[in-house]
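Enquirer: Data file my_file29.txt (compact mmCIF, C-alpha atoms) is appended below.
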# COMPACT_ATOMS: atom_id res chain seq x y z
CA MET A 1 3.64 -3.68 -25.87
CA LEU A 2 3.78 -0.99 -23.19
CA ILE A 3 4.93 -1.51 -19.60
CA GLY A 4 4.62 1.16 -16.95
CA LYS A 5 2.14 3.31 -18.84
CA ASP A 6 -1.11 2.92 -20.73
CA PHE A 7 -1.91 3.23 -24.40
CA ASP A 8 -4.08 6.19 -25.34
CA LYS A 9 -7.72 5.20 -24.88
CA ILE A 10 -9.36 4.08 -28.11
CA GLU A 11 -12.04 6.48 -29.32
CA ILE A 12 -14.60 5.80 -32.04
CA SER A 13 -17.58 7.69 -33.44
CA LEU A 14 -20.77 5.72 -33.96
CA PHE A 15 -24.33 6.92 -34.61
CA GLY A 16 -23.26 10.44 -33.71
CA PHE A 17 -21.75 9.41 -30.36
CA ASP A 18 -18.11 9.81 -29.40
CA LEU A 19 -17.45 6.48 -27.70
CA LEU A 20 -14.52 5.51 -25.50
CA GLU A 21 -12.77 2.17 -24.92
CA PRO A 22 -14.87 -0.11 -27.17
CA ASN A 23 -12.42 -2.91 -26.34
CA ALA A 24 -13.56 -2.78 -22.69
CA PHE A 25 -17.20 -2.92 -23.78
CA ILE A 26 -16.50 -5.97 -25.96
CA GLY A 27 -14.72 -7.77 -23.14
CA ASP A 28 -17.44 -6.97 -20.63
CA SER A 29 -20.11 -8.13 -23.08
CA ILE A 30 -18.35 -11.47 -23.49
CA ILE A 31 -18.23 -11.80 -19.70
CA LEU A 32 -21.99 -11.17 -19.56
CA ILE A 33 -22.64 -13.92 -22.13
CA VAL A 34 -20.43 -16.40 -20.26
CA ALA A 35 -21.94 -15.48 -16.89
CA LEU A 36 -25.50 -15.92 -18.18
CA PHE A 37 -24.54 -19.26 -19.70
CA LEU A 38 -23.07 -20.49 -16.41
CA ALA A 39 -26.03 -19.13 -14.42
CA PHE A 40 -28.31 -21.13 -16.73
CA LYS A 41 -26.20 -24.24 -16.17
CA VAL A 42 -26.29 -23.80 -12.37
CA ARG A 43 -30.05 -23.27 -12.51
CA LYS A 44 -30.40 -26.90 -13.62
CA PHE A 45 -29.13 -28.04 -10.23
CA ASN A 46 -31.31 -28.20 -7.12
CA ASN A 47 -32.27 -24.54 -6.71
CA SER A 48 -33.69 -25.15 -3.25
CA ILE A 49 -30.13 -25.67 -1.99
CA PRO A 50 -28.61 -22.30 -0.96
CA PHE A 51 -25.20 -23.23 -2.38
CA PHE A 52 -26.49 -23.48 -5.95
CA LYS A 53 -29.01 -20.65 -5.62
CA ASN A 54 -26.43 -18.15 -4.38
CA TRP A 55 -23.87 -19.13 -6.99
CA ARG A 56 -26.50 -18.49 -9.66
CA TYR A 57 -27.16 -15.05 -8.17
CA PHE A 58 -23.43 -14.37 -8.28
CA TYR A 59 -23.14 -15.21 -11.96
CA LEU A 60 -26.18 -13.11 -12.84
CA LEU A 61 -25.13 -10.03 -10.87
CA PHE A 62 -21.49 -10.33 -11.88
CA GLY A 63 -22.37 -10.58 -15.56
CA VAL A 64 -24.80 -7.66 -15.45
CA GLY A 65 -22.39 -5.55 -13.39
CA MET A 66 -19.51 -6.15 -15.80
CA PHE A 67 -21.69 -5.38 -18.81
CA LEU A 68 -22.90 -2.12 -17.27
CA GLY A 69 -19.30 -1.33 -16.47
CA GLY A 70 -18.49 -1.77 -20.15
CA VAL A 71 -21.32 0.59 -21.05
CA GLY A 72 -19.91 3.04 -18.51
CA HIS A 73 -16.54 2.90 -20.28
CA LEU A 74 -18.18 3.35 -23.67
CA MET A 75 -20.26 6.36 -22.58
CA PHE A 76 -17.67 7.98 -20.32
CA ASN A 77 -17.60 11.16 -22.41
CA TYR A 78 -21.28 11.66 -21.55
CA TRP A 79 -21.82 10.03 -18.16
CA GLY A 80 -18.41 10.51 -16.57
CA PHE A 81 -17.90 8.65 -13.30
CA TYR A 82 -21.65 8.36 -12.73
CA GLY A 83 -21.71 5.54 -15.29
CA LYS A 84 -19.38 3.51 -13.08
CA TYR A 85 -21.19 3.88 -9.77
CA PHE A 86 -23.84 1.18 -10.21
CA PRO A 87 -21.41 -1.43 -11.62
CA TRP A 88 -19.09 -0.85 -8.66
CA ILE A 89 -22.01 -1.33 -6.25
CA LEU A 90 -23.01 -4.55 -8.02
CA GLY A 91 -19.41 -5.71 -7.75
CA ILE A 92 -19.67 -5.47 -3.98
CA ILE A 93 -23.05 -7.19 -3.80
CA CYS A 94 -22.15 -10.15 -6.03
CA ILE A 95 -19.26 -11.10 -3.72
CA PHE A 96 -21.79 -11.33 -0.89
CA PHE A 97 -23.55 -14.15 -2.74
CA VAL A 98 -20.30 -16.07 -3.19
CA GLU A 99 -19.79 -15.83 0.57
CA LYS A 100 -23.39 -16.93 1.24
CA ALA A 101 -22.97 -19.90 -1.10
CA MET A 102 -19.77 -21.13 0.49
CA ILE A 103 -20.81 -20.46 4.09
CA SER A 104 -24.03 -22.42 3.49
CA LEU A 105 -21.96 -25.63 3.38
CA LEU A 106 -20.57 -25.14 6.88
CA LYS A 107 -21.84 -27.79 9.26
CA THR A 108 -20.66 -26.09 12.44
CA LYS A 109 -22.46 -23.83 14.92
CA SER A 110 -20.32 -20.94 13.72
CA ARG A 111 -22.19 -20.75 10.41
CA LEU A 112 -24.64 -18.14 11.72
CA LEU A 113 -21.73 -16.05 12.98
CA TRP A 114 -20.04 -16.10 9.57
CA GLU A 115 -23.31 -15.28 7.84
CA ASN A 116 -23.74 -12.22 10.07
CA LEU A 117 -20.13 -11.14 9.53
CA SER A 118 -20.60 -11.46 5.78
CA LEU A 119 -23.70 -9.28 5.94
CA LEU A 120 -21.88 -6.74 8.13
CA LYS A 121 -19.00 -6.62 5.63
CA LEU A 122 -21.47 -6.02 2.81
CA ILE A 123 -23.14 -3.12 4.64
CA LEU A 124 -19.79 -1.60 5.61
CA ALA A 125 -18.42 -1.86 2.06
CA LEU A 126 -21.55 -0.24 0.61
CA ILE A 127 -21.37 2.62 3.11
CA LEU A 128 -17.68 3.19 2.37
CA GLU A 129 -18.24 3.12 -1.39
CA ILE A 130 -21.13 5.55 -1.20
CA GLY A 131 -18.90 7.74 0.97
CA VAL A 132 -16.28 7.70 -1.79
CA PHE A 133 -18.94 8.72 -4.33
CA CYS A 134 -20.07 11.63 -2.17
CA PHE A 135 -16.87 13.00 -0.68
CA VAL A 136 -13.87 11.98 -2.84
CA ASP A 137 -12.76 13.77 -6.01
CA MET A 138 -11.99 11.03 -8.54
CA SER A 139 -11.24 13.37 -11.43
CA GLN A 140 -7.49 12.84 -11.07
CA ASP A 141 -7.55 9.14 -10.28
CA HIS A 142 -10.75 7.23 -11.03
CA SER A 143 -9.23 4.02 -9.64
CA ILE A 144 -10.06 5.37 -6.17
CA GLY A 145 -13.64 4.23 -6.78
CA LEU A 146 -12.40 0.70 -7.38
CA ARG A 147 -10.50 0.38 -4.13
CA VAL A 148 -13.42 -0.51 -1.87
CA PRO A 149 -14.82 -3.15 -4.31
CA ALA A 150 -11.28 -4.53 -4.82
CA ILE A 151 -10.57 -4.85 -1.08
CA ASN A 152 -14.03 -6.29 -0.48
CA SER A 153 -13.51 -8.86 -3.26
CA THR A 154 -10.08 -9.84 -1.97
CA ILE A 155 -11.34 -10.44 1.57
CA GLY A 156 -14.43 -12.28 0.33
CA PHE A 157 -12.61 -14.50 -2.15
CA VAL A 158 -9.73 -15.37 0.16
CA PHE A 159 -12.07 -16.40 2.97
CA SER A 160 -14.84 -18.10 1.01
CA LEU A 161 -12.94 -19.63 -1.92
CA VAL A 162 -9.46 -20.19 -0.50
CA VAL A 163 -10.02 -20.87 3.22
CA LEU A 164 -13.43 -22.54 2.94
CA GLY A 165 -12.57 -23.99 -0.46
CA ASN A 166 -9.58 -25.74 1.06
CA LYS A 167 -11.70 -26.96 3.97
CA TYR A 168 -14.33 -28.39 1.63
CA ARG A 169 -11.62 -29.90 -0.59
CA LYS A 170 -10.62 -32.04 2.36
CA GLU A 171 -14.06 -32.72 3.83
CA ILE A 172 -16.52 -32.75 0.92
CA ASP A 173 -14.99 -33.13 -2.52
CA LYS A 174 -11.43 -32.79 -3.84
CA ASN A 175 -12.66 -30.72 -6.81
CA PHE A 176 -13.23 -27.73 -4.54
CA ILE A 177 -9.56 -27.15 -5.30
CA PHE A 178 -10.76 -25.41 -8.47
CA MET A 179 -12.19 -22.63 -6.29
CA ILE A 180 -8.65 -21.99 -5.07
CA TYR A 181 -7.25 -22.21 -8.60
CA GLY A 182 -9.81 -19.62 -9.72
CA VAL A 183 -8.58 -17.17 -7.07
CA LEU A 184 -4.89 -17.82 -7.74
CA LEU A 185 -5.57 -17.21 -11.41
CA LEU A 186 -6.54 -13.62 -10.56
CA ILE A 187 -3.02 -12.82 -9.33
CA PRO A 188 -1.52 -12.36 -12.83
CA SER A 189 -4.39 -10.01 -13.64
CA GLY A 190 -3.53 -7.92 -10.59
CA LEU A 191 0.11 -7.80 -11.65
CA PHE A 192 -0.81 -6.66 -15.17
CA ILE A 193 -2.92 -3.85 -13.71
CA SER A 194 -0.44 -2.84 -11.01
CA PHE A 195 2.54 -2.67 -13.36
CA LYS A 196 0.48 -1.41 -16.32
CA ILE A 197 1.46 -4.24 -18.65
CA ASN A 198 -0.42 -3.57 -21.90
CA ILE A 199 -0.01 -5.96 -24.80
CA HIS A 200 -1.89 -3.99 -27.48
CA PRO A 201 -4.27 -1.01 -27.64
CA TRP A 202 -7.11 -3.47 -28.35
CA PHE A 203 -5.91 -5.88 -25.66
CA ASP A 204 -4.68 -3.84 -22.73
CA LYS A 205 -4.26 -4.73 -19.05
CA ASN A 206 -8.02 -4.60 -18.45
CA ASP A 207 -8.75 -6.87 -21.43
CA PHE A 208 -6.24 -9.36 -20.06
CA GLY A 209 -8.12 -9.17 -16.77
CA HIS A 210 -11.38 -9.90 -18.57
CA LEU A 211 -9.87 -13.05 -20.08
CA ILE A 212 -8.67 -14.19 -16.66
CA LEU A 213 -12.11 -13.55 -15.13
CA ILE A 214 -13.76 -15.71 -17.78
CA ILE A 215 -11.40 -18.61 -17.09
CA ALA A 216 -11.89 -18.17 -13.33
CA MET A 217 -15.68 -18.34 -13.74
CA PHE A 218 -15.32 -21.74 -15.41
CA PHE A 219 -13.04 -22.92 -12.59
CA TYR A 220 -15.71 -22.00 -10.04
CA TYR A 221 -18.29 -23.81 -12.12
CA LYS A 222 -16.11 -26.94 -12.16
CA SER A 223 -16.35 -27.15 -8.37
CA ILE A 224 -20.07 -26.36 -8.41
CA TYR A 225 -20.77 -29.02 -11.02
CA THR A 226 -18.79 -31.78 -9.31
CA TYR A 227 -20.51 -31.00 -6.01
CA SER A 228 -23.89 -31.23 -7.74
CA GLN A 229 -22.95 -34.66 -9.08
CA LYS A 230 -21.95 -35.73 -5.60
CA MET A 231 -25.34 -34.63 -4.32
CA VAL A 232 -27.10 -36.63 -7.06
CA ASN A 233 -25.09 -39.76 -6.26
CA LYS A 234 -26.09 -39.51 -2.60
CA GLN A 235 -29.80 -39.60 -3.48
Rewrite the structure of this file - the entire thing - as structure tokens.

Expert:
Amino acid sequence: MLIGKDFDKIEISLFGFDLLEPNAFIGDSIILIVALFLAFKVRKFNNSIPFFKNWRYFYLLFGVGMFLGGVGHLMFNYWGFYGKYFPWILGIICIFFVEKAMISLLKTKSRLLWENLSLLKLILALILEIGVFCFVDMSQDHSIGLRVPAINSTIGFVFSLVVLGNKYRKEIDKNFIFMIYGVLLLIPSGLFISFKINIHPWFDKNDFGHLILIIAMFFYYKSIYTYSQKMVNKQ
């Protein structure tokens, strides 16, 4: 185990390519499989209801974005930072669909306001991220490119899953608490990354984060599923 610094990145040669961080690619591929599975499960619910439709979009975009991010890690020796740009953009967009899903359940007149603010946040985050791509040198610290998606995700998750999740837990169904659990579960992942806690070269801080993301996705699905059952029982 290493704390405070990272293991040397794993390098392998395959089919004439010098590949980097295959462990990240494996983790991201597993996330894609899980995300597609959960998107398929959500698709069985009433797709005409924005809540379910937008959650399905989230799972699809999140899974694809993570997988492409894994490919970006794998091909970094050839693509450099350009292989990370599209996954980072998808990371911003998929949060927008979480916000749309959760805001769709608001029964107040302020729903339109929150929808517009969510759209404004999306546009602003995309502009800032593209600005980073164009004007910031990430050669010394590539994590700079992650800052806008990370801040955007934090704001989006705290508002939509914690604040609104707590509201819906009280007003709609107690199982919306799992939305909050899913967000709280991300805290250990942030600590592992911040303090560079690496368990093994093949299971570093990012791999730990992948595991946490998979569990969190199931927590979100728990709330989605129980709400779908509540909708069925009302019919």

Enquirer: Mind pulling up the distance from atom CA of Val158 of chain A to atom CA of Leu124 of chain A?

Expert: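 These atoms are spaced 17.9 Å apart.
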
Enquirer: Under the rule that all atoms listed in the file are counted, which of A:Lys196, A:Lys222, A:Lys84, A:Lys53 is the nearest residue to Ile144 of chain A?

Expert: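 Smallest distance to Ile144 of chain A is found for A:Lys84.
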
Enquirer: Between A:Phe45, A:Phe37, A:Tyr168, A:Tyr57, single out the one closest to Ile180 of chain A, counting only C-alpha atoms.

Expert: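 Among A:Phe45, A:Phe37, A:Tyr168, A:Tyr57, it is A:Tyr168 that comes nearest to Ile180 of chain A.
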
Enquirer: Measure the distance from atom CA of Phe52 of chain A to atom CA of Tyr221 of chain A in Å and round it to one decimal.

Expert: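 Atom-to-atom, atom CA of Phe52 of chain A and atom CA of Tyr221 of chain A are spaced 10.3 Å apart.
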
Enquirer: Have a look at A:Phe178, A:Phe208, A:Trp202, A:Tyr227 and name the one nearest to Leu105 of chain A; count only C-alpha atoms.

Expert: A:Tyr227

Enquirer: Tell me, as a list in words, which residues lie within 8 Å of Leu90 of chain A, counting only C-alpha atoms; anything in the same chain fewer than 6 positions away does not count.

Expert: Leu61, Phe62 and Gly65 of chain A

Enquirer: Counting all atoms listed in the file, which residue out of A:Lys174, A:Lys109, A:Arg56, A:Lys100 sits closest to Gly156 of chain A?

Expert: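 Smallest distance to Gly156 of chain A is found for A:Lys100.
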
Enquirer: Could you name the residues that touch Ile214 of chain A at 10 Å or less, counting only C-alpha atoms, but leaving out those on the same chain fewer than 5 positions away, as a list in words?

Expert: Gly27, Asp28, Ile30, Ile31, Leu32, Val34, Ala35, Gly182, Gly209 and Phe219 of chain A

Enquirer: Let's have the selection written as an mmCIF file, keeping the file's coordinate frame, with C-alpha atoms.

Expert:
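Ended up saving to part-v8.cif:
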data_model
loop_
_atom_site.group_PDB
_atom_site.id
_atom_site.type_symbol
_atom_site.label_atom_id
_atom_site.label_comp_id
_atom_site.auth_asym_id
_atom_site.auth_seq_id
_atom_site.Cartn_x
_atom_site.Cartn_y
_atom_site.Cartn_z
ATOM 1 C CA GLY A 27 -14.720 -7.770 -23.140
ATOM 2 C CA ASP A 28 -17.440 -6.970 -20.630
ATOM 3 C CA ILE A 30 -18.350 -11.470 -23.490
ATOM 4 C CA ILE A 31 -18.230 -11.800 -19.700
ATOM 5 C CA LEU A 32 -21.990 -11.170 -19.560
ATOM 6 C CA VAL A 34 -20.430 -16.400 -20.260
ATOM 7 C CA ALA A 35 -21.940 -15.480 -16.890
ATOM 8 C CA GLY A 182 -9.810 -19.620 -9.720
ATOM 9 C CA GLY A 209 -8.120 -9.170 -16.770
ATOM 10 C CA PHE A 219 -13.040 -22.920 -12.590
#

Enquirer: Ranking A:Ala216, A:Ala125, A:Val163, A:Cys134 by minimum distance to Ile93 of chain A and counting all atoms listed in the file, which one comes first?

Expert: A:Ala125

Enquirer: Using all atoms listed in the file, find the one residue out of A:Val98, A:Val162, A:Ile177, A:Ile172 that sits nearest to Met231 of chain A.

Expert: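 Closest candidate: A:Ile172.
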
Enquirer: What does the distance between atom CA of Leu20 of chain A and atom CA of Leu74 of chain A come to in Å, to one decimal place?

Expert: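 Taking atom CA of Leu20 of chain A as the start and atom CA of Leu74 of chain A as the end point, the length is 4.6 Å.
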